[in-house]
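Worksheet: one structure, shown below.
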Amino acid sequence: MKSFNKLHHHGFIVDDICRSMNDLQDGLALKWAPVREFDPLRVWLPDKGWSEAHLTVTYSRQGPIHVELIQAAPGGAYDALRAVSAAHVGAWVDDVGAEVETLLAEGWRIVAAGASPKHGYGQMAYMVCGDGPVLELVGETIRPMIEEWIGA
């Protein structure tokens, strides 16, 4: 992950997805993909193990760097992410587990992941280095689903 040429989105955790969509739609002239709910989404947290998140999510149709809005129900797994930052950047990677291990060896830490280390961290992992920004590693295997969603 030495290169950021595979950046896909800039994500934000918001309190009210509809309000945020309207504000950004007007201010930045964005159009939105259909809103989807992930209720629940299983998430692995390094300090707690398995947890759940209840999410409402959309992406801007415009790219190549899409805006992602996430409304996360309080008390869920995404509280851990929000405690670090309400914003992140997402990048496609060929192998989430291998990228996580590389970044861990370089001093990064895991905030949340789609699976435990035993299961290669799944198809997404949120990482941070020091007080820096949050990086979401997203597996290329789910790219067709995300692109179909954005284009729907």
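So you can find residues: chains in the structure tokens are A, B, ... in the order shown, residues in each start at 1, and ligands are numbered from 1 in order.
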
- Task: Identify all residues of region 102-140 of chain A in alpha helix (DSSP H) (DSSP on the backbone) and supply them as an MDAnalysis selection string.
- Result: chainID A and resid 102:105

- Message: Would you pick out the contacts of region 70-76 of chain A at 12 Å or less, using only C-alpha atoms, so that residues sharing its chain but fewer than 5 positions from it are not included, and give the list as an MDAnalysis selection string?
- Response: chainID A and resid 10:21 35:45 48 50:60 81:83 86:88 112

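Look at Ala91 (chain A): the protein and nucleic acid residues within 9 Å of it, using only C-alpha atoms and passing over chain neighbours fewer than 2 places away, are Met1, Phe4, Asn5, Lys6, Leu7, His8, His9, Val89, Val93, Leu135, Glu136, Leu137, Val138 and Gly139 of chain A.
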
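Near Gly151 (chain A), within 8 Å and counting only C-alpha atoms, sit Ala33, Arg61, Glu147, Glu148 and Trp149 of chain A, not including residues fewer than 2 positions from it in the same chain.
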
Kindly save the residues from that selection, with all heavy atoms included, as a PDB file, in the first residue's frame.
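Once everything was written out, this is out.pdb:
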```pdb
ATOM      1  N   ALA A  33     -25.916   7.233  -4.873  1.00  0.00           N
ATOM      2  CA  ALA A  33     -26.325   5.848  -5.107  1.00  0.00           C
ATOM      3  C   ALA A  33     -27.450   5.533  -4.127  1.00  0.00           C
ATOM      4  O   ALA A  33     -27.649   6.261  -3.143  1.00  0.00           O
ATOM      5  CB  ALA A  33     -25.138   4.915  -4.873  1.00  0.00           C
ATOM      6  N   ARG A  61     -22.268   9.206  -6.679  1.00  0.00           N
ATOM      7  CA  ARG A  61     -22.071   8.589  -7.985  1.00  0.00           C
ATOM      8  C   ARG A  61     -20.815   9.136  -8.657  1.00  0.00           C
ATOM      9  O   ARG A  61     -20.179   8.454  -9.440  1.00  0.00           O
ATOM     10  CB  ARG A  61     -23.290   8.837  -8.867  1.00  0.00           C
ATOM     11  CG  ARG A  61     -24.517   8.096  -8.375  1.00  0.00           C
ATOM     12  CD  ARG A  61     -25.615   8.174  -9.409  1.00  0.00           C
ATOM     13  NE  ARG A  61     -26.845   7.588  -8.940  1.00  0.00           N
ATOM     14  CZ  ARG A  61     -27.131   6.284  -8.973  1.00  0.00           C
ATOM     15  NH1 ARG A  61     -26.249   5.428  -9.423  1.00  0.00           N
ATOM     16  NH2 ARG A  61     -28.289   5.845  -8.541  1.00  0.00           N
ATOM     17  N   GLU A 147     -19.169  -1.183  -7.159  1.00  0.00           N
ATOM     18  CA  GLU A 147     -19.338  -0.442  -8.406  1.00  0.00           C
ATOM     19  C   GLU A 147     -20.749  -0.595  -8.961  1.00  0.00           C
ATOM     20  O   GLU A 147     -21.317   0.363  -9.506  1.00  0.00           O
ATOM     21  CB  GLU A 147     -18.287  -0.877  -9.415  1.00  0.00           C
ATOM     22  CG  GLU A 147     -16.904  -0.360  -9.034  1.00  0.00           C
ATOM     23  CD  GLU A 147     -15.796  -0.764  -9.986  1.00  0.00           C
ATOM     24  OE1 GLU A 147     -16.018  -1.652 -10.855  1.00  0.00           O
ATOM     25  OE2 GLU A 147     -14.704  -0.186  -9.861  1.00  0.00           O
ATOM     26  N   GLU A 148     -21.334  -1.772  -8.822  1.00  0.00           N
ATOM     27  CA  GLU A 148     -22.719  -1.971  -9.258  1.00  0.00           C
ATOM     28  C   GLU A 148     -23.661  -1.107  -8.421  1.00  0.00           C
ATOM     29  O   GLU A 148     -24.586  -0.485  -8.933  1.00  0.00           O
ATOM     30  CB  GLU A 148     -23.104  -3.435  -9.140  1.00  0.00           C
ATOM     31  CG  GLU A 148     -24.522  -3.723  -9.597  1.00  0.00           C
ATOM     32  CD  GLU A 148     -24.891  -5.197  -9.476  1.00  0.00           C
ATOM     33  OE1 GLU A 148     -24.005  -6.052  -9.648  1.00  0.00           O
ATOM     34  OE2 GLU A 148     -26.058  -5.470  -9.193  1.00  0.00           O
ATOM     35  N   TRP A 149     -23.418  -1.071  -7.121  1.00  0.00           N
ATOM     36  CA  TRP A 149     -24.227  -0.252  -6.212  1.00  0.00           C
ATOM     37  C   TRP A 149     -24.161   1.225  -6.614  1.00  0.00           C
ATOM     38  O   TRP A 149     -25.178   1.898  -6.740  1.00  0.00           O
ATOM     39  CB  TRP A 149     -23.723  -0.477  -4.794  1.00  0.00           C
ATOM     40  CG  TRP A 149     -24.319   0.334  -3.696  1.00  0.00           C
ATOM     41  CD1 TRP A 149     -25.401   1.169  -3.748  1.00  0.00           C
ATOM     42  CD2 TRP A 149     -23.848   0.379  -2.352  1.00  0.00           C
ATOM     43  NE1 TRP A 149     -25.641   1.733  -2.512  1.00  0.00           N
ATOM     44  CE2 TRP A 149     -24.695   1.251  -1.639  1.00  0.00           C
ATOM     45  CE3 TRP A 149     -22.812  -0.230  -1.676  1.00  0.00           C
ATOM     46  CZ2 TRP A 149     -24.515   1.530  -0.290  1.00  0.00           C
ATOM     47  CZ3 TRP A 149     -22.634   0.042  -0.335  1.00  0.00           C
ATOM     48  CH2 TRP A 149     -23.483   0.906   0.352  1.00  0.00           C
TER      49      TRP A 149
END
```

- Give the strand (DSSP E) residues of region 35-140 of chain A, as assigned by DSSP on the backbone, as a PyMOL selection string. chain A and resi 36-45+49-59+66-72+87-93+109-113+124-128+134-139

- Counting only C-alpha atoms, what is within 12 Å of Glu101 (chain A), bar same-chain residues fewer than 4 positions away, as an NGL selection string? :A and (1 or 95-97 or 105-110 or 117-118 or 120-121 or 125 or 127 or 137)
